[in-house]
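Colleague: One structure is given below, represented as structure tokens, and several questions about it will come after.
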There are 2 protein chains.
Amino acid sequence: MADLRDGLRARLADLLVGFGANVQPGQIVVVSGELDDRGLMRAVAAGCYRAGALHVEMEYSDPYVKRARILYGGDGSIAYAPSWEFDRVAGIRDHRCATIHVVGAADPAVLAGLDPVRLGRDRNPTGREWVKAIIERSINWSIGPSPTPVWAAVTHPQLEPDAALDQLWKEIEHICRLDEPDPVAAWTERMDSLMSVADRLSERRFDALHFQGPGTDLTVGLLPSSHFIAGGIETAAGIPHRPNLPSEEVFTTPDPERTEGHVRSTKPLDVAGIVVNGLSVRFDGGRAVQIDADSGAEVLRGRAATDDGSSRLGEVALVDRSGRIGQLPTVYFQTLLDENAASHIALGNGLDWAVGDEHTDRVNRSEIHIDFMIGSDEVVVTGVTAGGERVPVLSGGEWQV
Amino acid sequence: MADLRDGLRARLADLLVGFGANVQPGQIVVVSGELDDRGLMRAVAAGCYRAGALHVEMEYSDPYVKRARILYGGDGSIAYAPSWEFDRVAGIRDHRCATIHVVGAADPAVLAGLDPVRLGRDRNPTGREWVKAIIERSINWSIGPSPTPVWAAVTHPQLEPDAALDQLWKEIEHICRLDEPDPVAAWTERMDSLMSVADRLSERRFDALHFQGPGTDLTVGLLPSSHFIAGGIETAAGIPHRPNLPSEEVFTTPDPERTEGHVRSTKPLDVAGIVVNGLSVRFDGGRAVQIDADSGAEVLRGRAATDDGSSRLGEVALVDRSGRIGQLPTVYFQTLLDENAASHIALGNGLDWAVGDEHTDRVNRSEIHIDFMIGSDEVVVTGVTAGGERVPVLSGGEWQV
């Protein structure tokens, strides 16, 4: 099956380069991922040069070095980066580069047994510079999935390693619509359809979204100019790109001060290699005031304490069951995929372009952005207008608008 | 044998961190190598944090990305680096960082069939910044060997892959004196002995070295203040370190304008993944005016045409047969090891600290530094004084001084 995987890898790479980031001739492209993702990253790099990129910069992260830092590094080593790393991200922004990031799965063995507090604190301090690049829409960027043996073992533990990897690649092929004769046309059609849902939601000018289901009774207040977005966006210079592939969500930026109630997550989530299971969060005045979980709560509590905005919401997203991921039984332990199987909210930084210019100063600001899944066929979503009217939005996993 | 290799790898890493680069508490350390070297690089990173490093920055280079660039990149992509890469090396210099570089072997398959001219031109343009860091002695640095399956296959093609890797590790253990009860003490003793040879050579104040053997009749003129060096050096701030492990050579910086005659290489050399076999070079007025080889001549010709100093000598080094590498029959196709088996000269940049301050402006300047081996038991080295006296230096591989 190795040859088959090579072919699939090349097609996935081409989708990320051409449709995802939409790399332009003469651009510098940063291709990032973990060392385990090097197969796909190399295919992406080749695709970038074929697309006319001036330069491809590879950014390999290595969880073993993180492990060594958590184990042996002094306190000053945690979350440290040299000054030139900040300058580099500023340069990437100023040069209006493209970026393609691929994500597989953290090997649970590598970060096992480490101090969760140090692990939670050890975030990349250049995050602020990257957030700026995204908010200012300086870069055309895309994030895509990278099937690896470790990820395959996590998602399909019942299969032998080789069969598990084949199965994961098969699912990624389907999820990324690479099994369509023209994947780009298939994605364009799906994204157009989601955009029309987004437009209908925006027209209702909801004041809040209300999520109701087992363990969940949560009201997420919206800003007066919050509008719903799906599919692709454009850089400030007008380069259309698709930040996430796959993307099956319709999302907006909420009012960070008006989330109230409690919510139970409907899927596990992975934070820095730690799986958080059975998460429940209580919000008061927009702030997550209580975070509990069957396992992994500490790492999320640590992230939520990063800065002033890290315990408030930056995103609320709706996902219907007609997307390809929601139809599969697999849990991927990977937000990029799982968030597109279910409605979700995100702690941390909000996106300016989902609100009007007059309200960008009210968008939540944080160095973090952590999605967690709160939707399922059992969770009913209702839109609430400023006048108190309740409008069904999503029920049994189907759009009601 | 995997466990045995893990133990050896950790001991090699400790030697590079402690004795090689001599990493100081609070330093930033750049650990670099190819993706295939990640096992040793990770052990080095862990060793750095244990030694109190503030931060370890991993720099993985990927020959597959180079391949994609040579195949698909535009002319502007060859030897390109973004501005922040230059700033980064300047920052590394300004922060007086430590660097540890490990080298294995380029996989000949990865760069096979590529345009040798583009390959020769595609050097890292930040080389000038690194040369500055070395000349100014800003950084405590060390380069060490990284045994990999690819390298093992190149050096021991007659063995099965696993046996070849075991054999290579066994040789590296011996060559790096890791089979001694106290490797640091063993290295200190050997380096002290070479330094006393260097001192005796320096005292003779030779005007030139004359190499004579099969295919070789070469005179390398020295500067009036050229002196011989072996073993370790110190940074400007006084941190002693050993630039190469292993190191069995006694070297100096020649007069770049006074090399005359012809020379035949006694070992193959590897330039950017291309093996140059049967090299012969003719010098006139200090400049390599003719470069021929049985294979691979183009890539060396390309490098020698890099800049004004790249066809002149920056180093001449003498190696006796009592070193551990010269006693082994293996050709490593890796300059770090092979240059310590045989006397050699290097095209390109010279080292200021092997001449007096009054002559640093006459040291050769170039972005390249490519060693090639010209010594063997059949090559006689004679020192020539300004008065014309001829003094035997090395004969039958043994010191005559």
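Within each chain, counting starts at residue 1; across the structure tokens, chains are named A, B, ... in the order shown, with ligands numbered 1 upward in that order.
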Do you have, as JSON lines, the list of residues of chain A lying at most 8 Å from chain B, each with its nearest atom pair and that distance in Å to one decimal, counting only C-alpha atoms and ordered by chain then number?
Modeller:
```
{"residue": "A:Ile28", "atom": "CA", "partner": "B:Pro82", "partner_atom": "CA", "distance": 8.0}
{"residue": "A:Leu35", "atom": "CA", "partner": "B:Leu35", "partner_atom": "CA", "distance": 7.9}
{"residue": "A:Arg42", "atom": "CA", "partner": "B:Val65", "partner_atom": "CA", "distance": 6.1}
{"residue": "A:Ala45", "atom": "CA", "partner": "B:Val65", "partner_atom": "CA", "distance": 6.3}
{"residue": "A:Ala46", "atom": "CA", "partner": "B:Ala68", "partner_atom": "CA", "distance": 5.0}
{"residue": "A:Tyr49", "atom": "CA", "partner": "B:Gly73", "partner_atom": "CA", "distance": 5.1}
{"residue": "A:Arg50", "atom": "CA", "partner": "B:Tyr72", "partner_atom": "CA", "distance": 5.3}
{"residue": "A:Gly52", "atom": "CA", "partner": "B:Gly73", "partner_atom": "CA", "distance": 6.9}
{"residue": "A:Ala53", "atom": "CA", "partner": "B:Gly73", "partner_atom": "CA", "distance": 7.3}
{"residue": "A:Leu54", "atom": "CA", "partner": "B:Ser77", "partner_atom": "CA", "distance": 5.1}
{"residue": "A:His55", "atom": "CA", "partner": "B:Ser77", "partner_atom": "CA", "distance": 5.7}
{"residue": "A:Tyr60", "atom": "CA", "partner": "B:Tyr60", "partner_atom": "CA", "distance": 7.0}
{"residue": "A:Tyr64", "atom": "CA", "partner": "B:Arg42", "partner_atom": "CA", "distance": 6.5}
{"residue": "A:Val65", "atom": "CA", "partner": "B:Arg42", "partner_atom": "CA", "distance": 6.1}
{"residue": "A:Ala68", "atom": "CA", "partner": "B:Ala46", "partner_atom": "CA", "distance": 5.0}
{"residue": "A:Arg69", "atom": "CA", "partner": "B:Tyr49", "partner_atom": "CA", "distance": 6.3}
{"residue": "A:Tyr72", "atom": "CA", "partner": "B:Arg50", "partner_atom": "CA", "distance": 5.3}
{"residue": "A:Gly73", "atom": "CA", "partner": "B:Tyr49", "partner_atom": "CA", "distance": 5.1}
{"residue": "A:Gly74", "atom": "CA", "partner": "B:Gly52", "partner_atom": "CA", "distance": 7.0}
{"residue": "A:Gly76", "atom": "CA", "partner": "B:Leu54", "partner_atom": "CA", "distance": 6.6}
{"residue": "A:Ser77", "atom": "CA", "partner": "B:Leu54", "partner_atom": "CA", "distance": 5.2}
{"residue": "A:Tyr80", "atom": "CA", "partner": "B:His55", "partner_atom": "CA", "distance": 7.0}
{"residue": "A:Ala81", "atom": "CA", "partner": "B:His55", "partner_atom": "CA", "distance": 7.4}
{"residue": "A:Pro82", "atom": "CA", "partner": "B:His55", "partner_atom": "CA", "distance": 7.9}
{"residue": "A:Ser83", "atom": "CA", "partner": "B:Gly91", "partner_atom": "CA", "distance": 7.8}
{"residue": "A:Trp84", "atom": "CA", "partner": "B:Arg88", "partner_atom": "CA", "distance": 5.3}
{"residue": "A:Glu85", "atom": "CA", "partner": "B:Arg88", "partner_atom": "CA", "distance": 7.8}
{"residue": "A:Asp87", "atom": "CA", "partner": "B:Trp84", "partner_atom": "CA", "distance": 7.0}
{"residue": "A:Arg88", "atom": "CA", "partner": "B:Trp84", "partner_atom": "CA", "distance": 5.4}
{"residue": "A:Gly91", "atom": "CA", "partner": "B:Trp84", "partner_atom": "CA", "distance": 6.4}
```
Colleague: List the neighbours of segment 393-398 of chain A out to 6 Å using only C-alpha atoms; skip same-chain residues closer than 2 positions along the sequence, and give me the result as a compact mmCIF listing (two decimals) with all heavy atoms, in the first residue's frame.
Modeller:
```txt
# COMPACT_ATOMS: atom_id res chain seq x y z
N ASP A 320 -23.29 20.86 10.89
CA ASP A 320 -24.43 19.97 10.65
C ASP A 320 -23.93 18.57 10.35
O ASP A 320 -22.73 18.35 10.15
CB ASP A 320 -25.30 20.50 9.50
CG ASP A 320 -24.62 20.31 8.16
OD1 ASP A 320 -23.44 20.70 8.03
OD2 ASP A 320 -25.24 19.75 7.24
N ARG A 321 -24.85 17.61 10.33
CA ARG A 321 -24.42 16.22 10.18
C ARG A 321 -24.19 15.81 8.73
O ARG A 321 -23.83 14.66 8.46
CB ARG A 321 -25.44 15.29 10.84
CG ARG A 321 -26.84 15.40 10.28
CD ARG A 321 -27.78 14.50 11.04
NE ARG A 321 -27.33 13.12 10.99
CZ ARG A 321 -27.94 12.11 11.57
NH1 ARG A 321 -29.01 12.33 12.32
NH2 ARG A 321 -27.50 10.88 11.46
N ASP A 377 -26.07 15.19 17.81
CA ASP A 377 -27.46 15.12 17.36
C ASP A 377 -28.43 15.39 18.50
O ASP A 377 -29.59 15.73 18.29
CB ASP A 377 -27.74 13.74 16.74
CG ASP A 377 -27.04 13.58 15.39
OD1 ASP A 377 -26.37 14.54 14.96
OD2 ASP A 377 -27.17 12.50 14.78
N VAL A 380 -29.58 20.69 20.85
CA VAL A 380 -30.41 21.59 20.03
C VAL A 380 -29.83 22.99 20.11
O VAL A 380 -29.50 23.47 21.20
CB VAL A 380 -31.87 21.58 20.56
CG1 VAL A 380 -32.71 22.62 19.82
CG2 VAL A 380 -32.46 20.18 20.41
N VAL A 381 -29.70 23.63 18.95
CA VAL A 381 -29.20 25.01 18.92
C VAL A 381 -30.32 25.93 18.50
O VAL A 381 -31.00 25.69 17.48
CB VAL A 381 -28.00 25.15 17.96
CG1 VAL A 381 -27.43 26.57 18.04
CG2 VAL A 381 -26.93 24.10 18.27
N THR A 382 -30.51 26.98 19.29
CA THR A 382 -31.58 27.94 19.02
C THR A 382 -30.98 29.33 18.94
O THR A 382 -30.13 29.69 19.77
CB THR A 382 -32.61 27.90 20.16
OG1 THR A 382 -33.03 26.54 20.37
CG2 THR A 382 -33.83 28.75 19.83
N GLN A 400 -32.06 24.09 10.51
CA GLN A 400 -33.47 24.47 10.58
C GLN A 400 -33.68 25.83 9.92
O GLN A 400 -34.80 26.35 9.94
CB GLN A 400 -33.94 24.53 12.04
CG GLN A 400 -33.64 23.27 12.84
CD GLN A 400 -34.42 22.06 12.30
OE1 GLN A 400 -35.63 22.14 12.09
NE2 GLN A 400 -33.71 20.96 12.03
N VAL A 401 -32.61 26.37 9.36
CA VAL A 401 -32.74 27.70 8.72
C VAL A 401 -32.54 27.56 7.22
O VAL A 401 -31.88 26.63 6.75
CB VAL A 401 -31.70 28.71 9.26
CG1 VAL A 401 -32.03 29.08 10.69
CG2 VAL A 401 -30.29 28.17 9.13
```
Colleague: Just want the 10 Å neighbourhood of Trp141 of chain A, counted on only C-alpha atoms, with same-chain residues fewer than 2 positions away dropped. Output as JSON, numbers by chain.
Modeller: {"A": [16, 17, 20, 21, 22, 23, 29, 30, 31, 97, 98, 99, 100, 101, 133, 134, 137, 138, 139, 143, 233, 234, 235, 240, 241, 242, 243, 244]}
Colleague: Store the residues picked out above, limited to C-alpha atoms, as a PDB file, in the first residue's frame.
Modeller:
```pdb
ATOM      1  CA  LEU A  16      -3.154  22.201   0.485  1.00  0.00           C
ATOM      2  CA  VAL A  17      -0.780  24.168  -1.775  1.00  0.00           C
ATOM      3  CA  GLY A  20      -5.759  25.579   0.797  1.00  0.00           C
ATOM      4  CA  ALA A  21      -3.028  28.204   1.046  1.00  0.00           C
ATOM      5  CA  ASN A  22      -3.303  29.178  -2.626  1.00  0.00           C
ATOM      6  CA  VAL A  23       0.455  29.721  -2.886  1.00  0.00           C
ATOM      7  CA  VAL A  29       6.167  29.605   2.114  1.00  0.00           C
ATOM      8  CA  VAL A  30       6.630  28.315   5.656  1.00  0.00           C
ATOM      9  CA  VAL A  31       5.773  24.614   5.865  1.00  0.00           C
ATOM     10  CA  CYS A  97       4.282  34.868   3.165  1.00  0.00           C
ATOM     11  CA  ALA A  98       2.126  31.795   2.760  1.00  0.00           C
ATOM     12  CA  THR A  99       2.060  29.174   5.520  1.00  0.00           C
ATOM     13  CA  ILE A 100       0.979  25.558   5.405  1.00  0.00           C
ATOM     14  CA  HIS A 101       0.786  23.690   8.689  1.00  0.00           C
ATOM     15  CA  ALA A 133      -0.412  37.915  11.217  1.00  0.00           C
ATOM     16  CA  ILE A 134      -3.806  36.204  11.178  1.00  0.00           C
ATOM     17  CA  ARG A 137      -4.698  38.959   7.281  1.00  0.00           C
ATOM     18  CA  SER A 138      -1.065  39.358   6.187  1.00  0.00           C
ATOM     19  CA  ILE A 139      -0.588  35.712   5.276  1.00  0.00           C
ATOM     20  CA  ILE A 143      -3.883  23.802   8.034  1.00  0.00           C
ATOM     21  CA  ILE A 233     -11.272  33.977   3.481  1.00  0.00           C
ATOM     22  CA  GLU A 234      -9.017  36.511   1.757  1.00  0.00           C
ATOM     23  CA  THR A 235      -5.792  38.171   2.789  1.00  0.00           C
ATOM     24  CA  PRO A 240      -8.340  33.854  -1.297  1.00  0.00           C
ATOM     25  CA  HIS A 241      -7.325  30.872   0.865  1.00  0.00           C
ATOM     26  CA  ARG A 242      -8.911  28.201   3.040  1.00  0.00           C
ATOM     27  CA  PRO A 243      -7.540  28.242   6.600  1.00  0.00           C
ATOM     28  CA  ASN A 244      -8.714  24.727   7.376  1.00  0.00           C
TER      29      ASN A 244
END
```
Colleague: Per DSSP on the backbone, what are the helix (DSSP H, G or I) residues of segment 249-305 of chain A, as an MDAnalysis selection string?
Modeller: chainID A and resid 297:304
Colleague: Would you pick out the contacts of segment 279-286 of chain A at 9 Å or less, using only C-alpha atoms, so that residues sharing its chain but fewer than 3 positions from it are not included, and give the list as an NGL selection string?
Modeller: :A and (215-216 or 218 or 220-221 or 255-269 or 276 or 289-297 or 311-313 or 372)
Colleague: Given the selection you just returned, output its residues as a file containing N, CA and C atoms, formatted as a short mmCIF file (atom, residue, chain, number, x, y, z; two decimals), in the first residue's frame.
Modeller:
```cif
data_model
loop_
_atom_site.label_atom_id
_atom_site.label_comp_id
_atom_site.auth_asym_id
_atom_site.auth_seq_id
_atom_site.Cartn_x
_atom_site.Cartn_y
_atom_site.Cartn_z
N GLY A 215 -26.27 17.62 29.87
CA GLY A 215 -25.17 18.29 30.55
C GLY A 215 -24.89 19.68 30.04
N THR A 216 -25.68 20.17 29.12
CA THR A 216 -25.42 21.46 28.48
C THR A 216 -26.64 22.38 28.52
N LEU A 218 -26.28 26.31 27.68
CA LEU A 218 -25.29 27.37 27.51
C LEU A 218 -25.82 28.44 26.55
N VAL A 220 -24.56 31.69 24.46
CA VAL A 220 -23.39 32.41 23.96
C VAL A 220 -23.87 33.71 23.32
N GLY A 221 -23.62 34.83 24.00
CA GLY A 221 -24.03 36.12 23.46
C GLY A 221 -23.18 36.52 22.27
N ASP A 255 -19.57 37.68 21.65
CA ASP A 255 -19.29 38.71 22.64
C ASP A 255 -18.57 38.02 23.81
N PRO A 256 -17.31 38.36 24.08
CA PRO A 256 -16.55 37.61 25.10
C PRO A 256 -17.10 37.81 26.52
N GLU A 257 -18.04 38.74 26.70
CA GLU A 257 -18.52 39.03 28.06
C GLU A 257 -19.89 38.45 28.35
N ARG A 258 -20.48 37.72 27.36
CA ARG A 258 -21.87 37.29 27.57
C ARG A 258 -22.06 35.79 27.33
N THR A 259 -21.16 34.98 27.82
CA THR A 259 -21.41 33.54 27.82
C THR A 259 -21.84 33.15 29.24
N GLU A 260 -22.95 32.41 29.32
CA GLU A 260 -23.50 32.05 30.63
C GLU A 260 -23.97 30.60 30.59
N GLY A 261 -23.77 29.89 31.71
CA GLY A 261 -24.32 28.55 31.84
C GLY A 261 -23.24 27.49 31.87
N HIS A 262 -23.62 26.27 31.58
CA HIS A 262 -22.66 25.18 31.64
C HIS A 262 -22.74 24.33 30.37
N VAL A 263 -21.64 23.66 30.09
CA VAL A 263 -21.57 22.92 28.83
C VAL A 263 -20.72 21.67 29.06
N ARG A 264 -21.13 20.60 28.44
CA ARG A 264 -20.36 19.35 28.51
C ARG A 264 -19.81 19.05 27.12
N SER A 265 -18.53 18.73 27.04
CA SER A 265 -17.95 18.44 25.73
C SER A 265 -18.48 17.11 25.21
N THR A 266 -18.62 17.02 23.90
CA THR A 266 -19.18 15.81 23.28
C THR A 266 -18.11 14.96 22.60
N LYS A 267 -16.86 15.43 22.64
CA LYS A 267 -15.73 14.66 22.09
C LYS A 267 -14.52 14.93 22.97
N PRO A 268 -13.58 13.98 23.04
CA PRO A 268 -12.32 14.28 23.74
C PRO A 268 -11.56 15.36 22.97
N LEU A 269 -10.70 16.08 23.65
CA LEU A 269 -9.82 16.98 22.90
C LEU A 269 -8.39 16.81 23.37
N VAL A 276 -7.98 15.43 26.93
CA VAL A 276 -8.94 15.86 27.95
C VAL A 276 -10.26 15.13 27.69
N VAL A 289 -15.36 29.82 34.62
CA VAL A 289 -15.02 29.93 36.04
C VAL A 289 -14.77 28.56 36.68
N GLN A 290 -15.19 27.51 35.97
CA GLN A 290 -14.94 26.17 36.52
C GLN A 290 -14.68 25.22 35.37
N ILE A 291 -13.55 24.52 35.44
CA ILE A 291 -13.17 23.56 34.40
C ILE A 291 -12.94 22.22 35.07
N ASP A 292 -13.77 21.24 34.74
CA ASP A 292 -13.62 19.90 35.29
C ASP A 292 -13.52 18.90 34.14
N ALA A 293 -12.93 17.76 34.43
CA ALA A 293 -12.83 16.72 33.40
C ALA A 293 -12.53 15.39 34.07
N ASP A 294 -12.87 14.32 33.39
CA ASP A 294 -12.51 13.00 33.91
C ASP A 294 -11.00 12.82 33.88
N SER A 295 -10.33 13.43 32.89
CA SER A 295 -8.87 13.39 32.83
C SER A 295 -8.37 14.59 32.05
N GLY A 296 -7.21 15.09 32.44
CA GLY A 296 -6.55 16.15 31.67
C GLY A 296 -7.02 17.56 31.99
N ALA A 297 -7.85 17.75 33.03
CA ALA A 297 -8.37 19.09 33.33
C ALA A 297 -7.24 20.10 33.57
N SER A 311 -9.71 32.76 29.17
CA SER A 311 -10.84 32.03 29.76
C SER A 311 -12.17 32.48 29.15
N ARG A 312 -12.09 33.32 28.10
CA ARG A 312 -13.30 33.79 27.42
C ARG A 312 -13.35 33.23 26.00
N LEU A 313 -14.54 33.29 25.40
CA LEU A 313 -14.71 32.69 24.08
C LEU A 313 -14.28 33.60 22.94
N PHE A 372 -13.23 23.33 21.63
CA PHE A 372 -13.72 22.05 22.13
C PHE A 372 -15.16 21.83 21.73
#
```
Colleague: Can you pull out the residues contacting Glu358 of chain A? Cut-off 12 Å, using only C-alpha atoms, and skip same-chain residues under 3 positions away; I want them as a ChimeraX atom specification.
Modeller: /A:223-226,352-355,361-363
Colleague: Show me, as a PDB file with N, CA and C atoms, in the first residue's frame, the residues that have an atom within 7 Å of segment 2-11 of chain B when counting only C-alpha atoms, minus same-chain residues fewer than 2 positions from it.
Modeller:
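selection_27.pdb, freshly written:
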```
ATOM      1  N   ALA B  13      26.685  12.025  22.765  1.00  0.00           N
ATOM      2  CA  ALA B  13      26.034  13.328  22.972  1.00  0.00           C
ATOM      3  C   ALA B  13      26.688  14.063  24.137  1.00  0.00           C
ATOM      4  N   ASP B  14      26.933  13.364  25.226  1.00  0.00           N
ATOM      5  CA  ASP B  14      27.549  14.009  26.395  1.00  0.00           C
ATOM      6  C   ASP B  14      28.942  14.531  26.073  1.00  0.00           C
ATOM      7  N   LEU B  15      29.692  13.764  25.264  1.00  0.00           N
ATOM      8  CA  LEU B  15      31.038  14.216  24.874  1.00  0.00           C
ATOM      9  C   LEU B  15      30.954  15.514  24.057  1.00  0.00           C
ATOM     10  N   LEU B  40      20.514  11.264  17.427  1.00  0.00           N
ATOM     11  CA  LEU B  40      21.645  11.869  18.144  1.00  0.00           C
ATOM     12  C   LEU B  40      21.325  13.314  18.527  1.00  0.00           C
ATOM     13  N   ALA B  43      19.384  13.451  21.657  1.00  0.00           N
ATOM     14  CA  ALA B  43      20.222  13.144  22.821  1.00  0.00           C
ATOM     15  C   ALA B  43      21.098  14.349  23.164  1.00  0.00           C
TER      16      ALA B  43
END
```
Colleague: Pull the strand (DSSP E or B) assignments for segment 33-186 of chain A out of DSSP run on the backbone, and list those residues as JSON, numbers by chain.
Modeller: {"A": [33, 34, 55, 56, 57, 58, 59, 60, 61, 98, 99, 100, 101, 102, 103, 140, 141, 142, 143, 144, 145]}
Colleague: Go ahead and write the selection's residues with N, CA and C atoms as a PDB file, in the first residue's frame.
Modeller:
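Written output follows (out-v6.pdb):
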```pdb
ATOM      1  N   GLY A  33       5.246  21.472  10.797  1.00  0.00           N
ATOM      2  CA  GLY A  33       4.634  20.261  11.326  1.00  0.00           C
ATOM      3  C   GLY A  33       5.623  19.587  12.255  1.00  0.00           C
ATOM      4  N   GLU A  34       5.269  18.398  12.717  1.00  0.00           N
ATOM      5  CA  GLU A  34       6.199  17.644  13.552  1.00  0.00           C
ATOM      6  C   GLU A  34       7.098  16.772  12.672  1.00  0.00           C
ATOM      7  N   HIS A  55      10.745  30.482  -2.154  1.00  0.00           N
ATOM      8  CA  HIS A  55      11.488  29.777  -1.108  1.00  0.00           C
ATOM      9  C   HIS A  55      10.525  29.012  -0.229  1.00  0.00           C
ATOM     10  N   VAL A  56      10.944  27.844   0.182  1.00  0.00           N
ATOM     11  CA  VAL A  56      10.161  27.062   1.137  1.00  0.00           C
ATOM     12  C   VAL A  56      10.997  26.883   2.395  1.00  0.00           C
ATOM     13  N   GLU A  57      10.469  27.362   3.501  1.00  0.00           N
ATOM     14  CA  GLU A  57      11.169  27.227   4.788  1.00  0.00           C
ATOM     15  C   GLU A  57      10.479  26.140   5.585  1.00  0.00           C
ATOM     16  N   MET A  58      11.231  25.118   5.968  1.00  0.00           N
ATOM     17  CA  MET A  58      10.651  24.010   6.726  1.00  0.00           C
ATOM     18  C   MET A  58      10.805  24.287   8.216  1.00  0.00           C
ATOM     19  N   GLU A  59       9.731  24.108   8.942  1.00  0.00           N
ATOM     20  CA  GLU A  59       9.771  24.309  10.395  1.00  0.00           C
ATOM     21  C   GLU A  59       9.319  23.011  11.063  1.00  0.00           C
ATOM     22  N   TYR A  60      10.314  22.218  11.440  1.00  0.00           N
ATOM     23  CA  TYR A  60      10.019  20.935  12.078  1.00  0.00           C
ATOM     24  C   TYR A  60       9.985  21.111  13.587  1.00  0.00           C
ATOM     25  N   SER A  61       8.897  20.726  14.222  1.00  0.00           N
ATOM     26  CA  SER A  61       8.926  20.724  15.685  1.00  0.00           C
ATOM     27  C   SER A  61       9.127  19.290  16.155  1.00  0.00           C
ATOM     28  N   ALA A  98       3.145  32.831   2.598  1.00  0.00           N
ATOM     29  CA  ALA A  98       2.126  31.795   2.760  1.00  0.00           C
ATOM     30  C   ALA A  98       2.612  30.838   3.848  1.00  0.00           C
ATOM     31  N   THR A  99       1.667  30.220   4.562  1.00  0.00           N
ATOM     32  CA  THR A  99       2.060  29.174   5.520  1.00  0.00           C
ATOM     33  C   THR A  99       1.138  27.974   5.367  1.00  0.00           C
ATOM     34  N   ILE A 100       1.744  26.808   5.436  1.00  0.00           N
ATOM     35  CA  ILE A 100       0.979  25.558   5.405  1.00  0.00           C
ATOM     36  C   ILE A 100       1.433  24.734   6.606  1.00  0.00           C
ATOM     37  N   HIS A 101       0.482  24.455   7.479  1.00  0.00           N
ATOM     38  CA  HIS A 101       0.786  23.690   8.689  1.00  0.00           C
ATOM     39  C   HIS A 101       0.064  22.354   8.585  1.00  0.00           C
ATOM     40  N   VAL A 102       0.759  21.270   8.901  1.00  0.00           N
ATOM     41  CA  VAL A 102       0.081  19.977   8.895  1.00  0.00           C
ATOM     42  C   VAL A 102       0.103  19.399  10.305  1.00  0.00           C
ATOM     43  N   VAL A 103      -0.990  18.726  10.637  1.00  0.00           N
ATOM     44  CA  VAL A 103      -1.124  18.168  11.984  1.00  0.00           C
ATOM     45  C   VAL A 103      -1.484  16.700  11.926  1.00  0.00           C
ATOM     46  N   ASN A 140      -1.482  34.187   3.617  1.00  0.00           N
ATOM     47  CA  ASN A 140      -2.444  33.182   3.149  1.00  0.00           C
ATOM     48  C   ASN A 140      -2.019  31.835   3.716  1.00  0.00           C
ATOM     49  N   TRP A 141      -2.878  31.282   4.554  1.00  0.00           N
ATOM     50  CA  TRP A 141      -2.480  30.118   5.345  1.00  0.00           C
ATOM     51  C   TRP A 141      -3.510  29.016   5.256  1.00  0.00           C
ATOM     52  N   SER A 142      -3.029  27.812   5.525  1.00  0.00           N
ATOM     53  CA  SER A 142      -3.919  26.657   5.544  1.00  0.00           C
ATOM     54  C   SER A 142      -3.357  25.606   6.489  1.00  0.00           C
ATOM     55  N   ILE A 143      -4.263  24.915   7.158  1.00  0.00           N
ATOM     56  CA  ILE A 143      -3.883  23.802   8.034  1.00  0.00           C
ATOM     57  C   ILE A 143      -4.553  22.546   7.501  1.00  0.00           C
ATOM     58  N   GLY A 144      -3.774  21.476   7.338  1.00  0.00           N
ATOM     59  CA  GLY A 144      -4.329  20.219   6.829  1.00  0.00           C
ATOM     60  C   GLY A 144      -3.887  19.032   7.662  1.00  0.00           C
ATOM     61  N   PRO A 145      -4.529  17.904   7.456  1.00  0.00           N
ATOM     62  CA  PRO A 145      -4.217  16.706   8.255  1.00  0.00           C
ATOM     63  C   PRO A 145      -3.040  15.916   7.678  1.00  0.00           C
TER      64      PRO A 145
END
```
Colleague: Which value, in Å to one decimal, gives the distance between atom CA of Val197 of chain A and atom CA of Val131 of chain A?
Modeller: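 We find that atom CA of Val197 of chain A and atom CA of Val131 of chain A lie 27.4 Å from each other.
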Colleague: State, in Å with one decimal place, the distance from atom CA of Ser310 of chain B to atom CA of Pro214 of chain B.
Modeller: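 Those two atoms sit 25.6 Å apart.
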Colleague: Find the residue from A:Ala288, A:Ile325, A:Leu201, A:Val271 that sits nearest to Asp371 of chain A; use only C-alpha atoms when measuring.
Modeller: A:Val271
Colleague: To one decimal in Å, tell me the separation between atom CA of Thr252 of chain A and atom CA of Asn277 of chain A.
Modeller: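 About the pair atom CA of Thr252 of chain A and atom CA of Asn277 of chain A: they are 25.6 Å apart.
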